[in-house]
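*Asks:* Take a look at this one; I'll ask things after.
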Amino acid sequence: MWNWFHRLGSPKTFYAISGSLLPYFCVLAGILLVTGIVWALGFVPPDYQQGHSVRIMYIHVPSAILAQSSYMMMAAAGLVYLVWRIKLADVAVQCAAPIGTGLTFLALITGSIWGKPTWGTWWVWDARLTSTLVLFFLFVGVMALRSAMTGKASAGRATAMLALVGVVNLPIIKYSVDWWFTLHQPSSFSLTEKPSMPPEMWMPLLVMVLGFYLFFFCVWMLRIRTEILNREYRSQWVQELVQ
Amino acid sequence: MMFESLSAFLSMGGHGPFVWSAYGIALIVFGYNIVAPIRQRKQMLREIRQRMDRDAA
């Protein structure tokens, strides 16, 4: 097991394995997303209070979940890099940040668009929204720090540290709806209880969440593979591959 | 299908601008996330070939 793990940490092995798996994941991600979007736009019954604007949920909730998940994965990679000095983990941190920024942006903007017809306002400075905005700036901060320190040996450690410190924000986002009075409704889902929505509403949501996860993995891998080539270009396998 | 006509589908019971702009922005974010790494990869392969030529010279 450990042996296998170590070999996966070698850029060459990782590049080969990810390359053979990636097409399947991309196809699966595409199928899930297309199914989810058609389902969400055309077949989900309108909400009895919100009407058709409830369809925004099928973008908003998955992107908000992925915004936090991708941050968690980026920070986990940062921890692996700090503890074991696996270079691949540093590549993973670097490549997760821009995707996470986009997903957080999408969660914020779709939340805002959904808020207007539902709450009557585009934005309020309440705990859930503000802490998600902080998440956005954390992602941007990781990218900015990296590009400011390009070429320096300490760049990887500094970004990993920043990513790790920012993890404090994740429980704040999660519990903000319980700790403070807010416009944002508490989560309708948990792993332990039955969802408070009918199945014809949460099943397409589940498809979308899975689709978003797979999509994140696919584009993350794409970026990681390119960055591996960048960093390993002197090694023989890259030179053979490029020619 | 929850809609009787195309125009009902587009208007989304009056919420059309909200729903469609949310999905439109999602499409842009996803599109960017697909196109950017593919372009990045092409550019990187070109750059590595240049570096190799330089190193060989």
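The way I read the labels, and the way they are meant: chains A, B, ... in the order of the structure tokens, residue 1 as the first residue of every chain, and ligand 1 as the first ligand shown, with later ones counted on from there.
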Can you tell me, as a list of chain:residue names, what residues are no more than 10 Å from B:Met52 when counting only C-alpha atoms, ignoring any on the same chain fewer than 6 positions away?
*Replies:*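 So the residues in contact are A:Tyr233, A:Arg234, A:Gln239, A:Val242, A:Gln243, B:Arg46.
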*Asks:* Please list as a list in words every residue within 8 Å of stretch 19-29 of chain B, counting only C-alpha atoms and excluding residues in the same chain fewer than 3 positions away.
*Replies:*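 Using only C-alpha atoms, the neighbours found are His52, Ser53, Arg55, Ile56, Ile59, Gly102, Leu103, Leu106, Ile109, Thr110, Ile113 and Trp114 of chain A; Met12, His15, Gly16, Tyr32 and Asn33 of chain B.
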*Asks:* May I have the residues from that selection written out with N, CA and C atoms, as a CSV table (one decimal), in the first residue's frame?
*Replies:*
```csv
chain,number,residue,atom,x,y,z
A,52,HIS,N,-40.3,29.0,-10.6
A,52,HIS,CA,-39.3,28.4,-11.4
A,52,HIS,C,-37.9,28.9,-11.0
A,53,SER,N,-37.8,29.9,-10.2
A,53,SER,CA,-36.4,30.4,-9.8
A,53,SER,C,-35.7,29.3,-9.0
A,55,ARG,N,-34.9,26.6,-9.9
A,55,ARG,CA,-34.0,25.9,-10.8
A,55,ARG,C,-32.6,26.4,-10.6
A,56,ILE,N,-32.4,27.6,-10.1
A,56,ILE,CA,-31.1,28.2,-9.9
A,56,ILE,C,-30.3,27.3,-8.9
A,59,ILE,N,-27.5,24.9,-9.8
A,59,ILE,CA,-26.2,25.4,-10.1
A,59,ILE,C,-25.6,25.9,-8.8
A,102,GLY,N,-13.0,30.0,-9.5
A,102,GLY,CA,-14.1,30.1,-10.4
A,102,GLY,C,-15.4,29.5,-9.8
A,103,LEU,N,-15.3,28.4,-9.1
A,103,LEU,CA,-16.5,27.8,-8.5
A,103,LEU,C,-17.1,28.7,-7.4
A,106,LEU,N,-18.9,31.4,-9.0
A,106,LEU,CA,-20.2,30.9,-9.5
A,106,LEU,C,-21.2,30.8,-8.3
A,109,ILE,N,-22.3,34.4,-7.4
A,109,ILE,CA,-23.1,35.1,-8.3
A,109,ILE,C,-24.4,34.5,-8.5
A,110,THR,N,-24.5,33.1,-8.5
A,110,THR,CA,-25.8,32.5,-8.7
A,110,THR,C,-26.6,32.7,-7.4
A,113,ILE,N,-28.1,36.1,-7.8
A,113,ILE,CA,-29.2,36.1,-8.8
A,113,ILE,C,-30.4,35.4,-8.2
A,114,TRP,N,-30.2,34.4,-7.4
A,114,TRP,CA,-31.3,33.7,-6.8
A,114,TRP,C,-31.9,34.5,-5.7
B,12,MET,N,-40.0,31.1,-17.8
B,12,MET,CA,-39.8,30.5,-16.5
B,12,MET,C,-40.8,31.2,-15.5
B,15,HIS,N,-39.5,34.4,-14.1
B,15,HIS,CA,-38.2,34.3,-13.5
B,15,HIS,C,-37.1,34.0,-14.6
B,16,GLY,N,-37.5,34.1,-15.8
B,16,GLY,CA,-36.6,33.8,-16.9
B,16,GLY,C,-35.2,34.5,-16.8
B,32,TYR,N,-14.7,28.2,-19.6
B,32,TYR,CA,-13.4,28.7,-19.3
B,32,TYR,C,-12.5,27.6,-18.7
B,33,ASN,N,-13.1,26.9,-17.8
B,33,ASN,CA,-12.3,25.8,-17.1
B,33,ASN,C,-12.0,24.6,-18.0
```
*Asks:* Just to confirm, what's the straight-line distance from atom CA of A:Trp179 to atom CA of A:Val209 in Å (one decimal)?
*Replies:*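 So the answer is 25.6 Å.
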*Asks:* With DSSP run on the backbone, what are the alpha helix (DSSP H) residues within stretch 98-199 of chain A? I'd like them as JSON, numbers by chain.
*Replies:* {"A": [98, 99, 100, 101, 102, 103, 104, 105, 106, 107, 108, 109, 110, 111, 112, 113, 114, 115, 116, 117, 118, 119, 127, 128, 129, 130, 131, 132, 133, 134, 135, 136, 137, 138, 139, 140, 141, 142, 143, 144, 145, 146, 147, 148, 155, 156, 157, 158, 159, 160, 161, 162, 163, 164, 165, 169, 170, 171, 172, 173, 174, 175, 176, 177, 178, 179, 199]}
*Asks:* How many Å separate atom CA of A:Ile99 from atom CA of A:Asp178?
*Replies:*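 Taking atom CA of A:Ile99 and atom CA of A:Asp178, their separation equals 28.3 Å.
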*Asks:* Between atom CA of A:Phe136 and atom CA of A:Thr104, measure the distance and give it in Å to one decimal.
*Replies:*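 Computing it gives 5.7 Å between the two atoms.
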*Asks:* Need to verify the contact set: A:Leu66, 10 Å, only C-alpha atoms, exclusion of same-chain residues closer than 3 positions in sequence. Can you return it as a PyMOL selection string?
*Replies:* chain A and resi 61-63+69-73+99-100+103-104+107+209-210+212-213+216
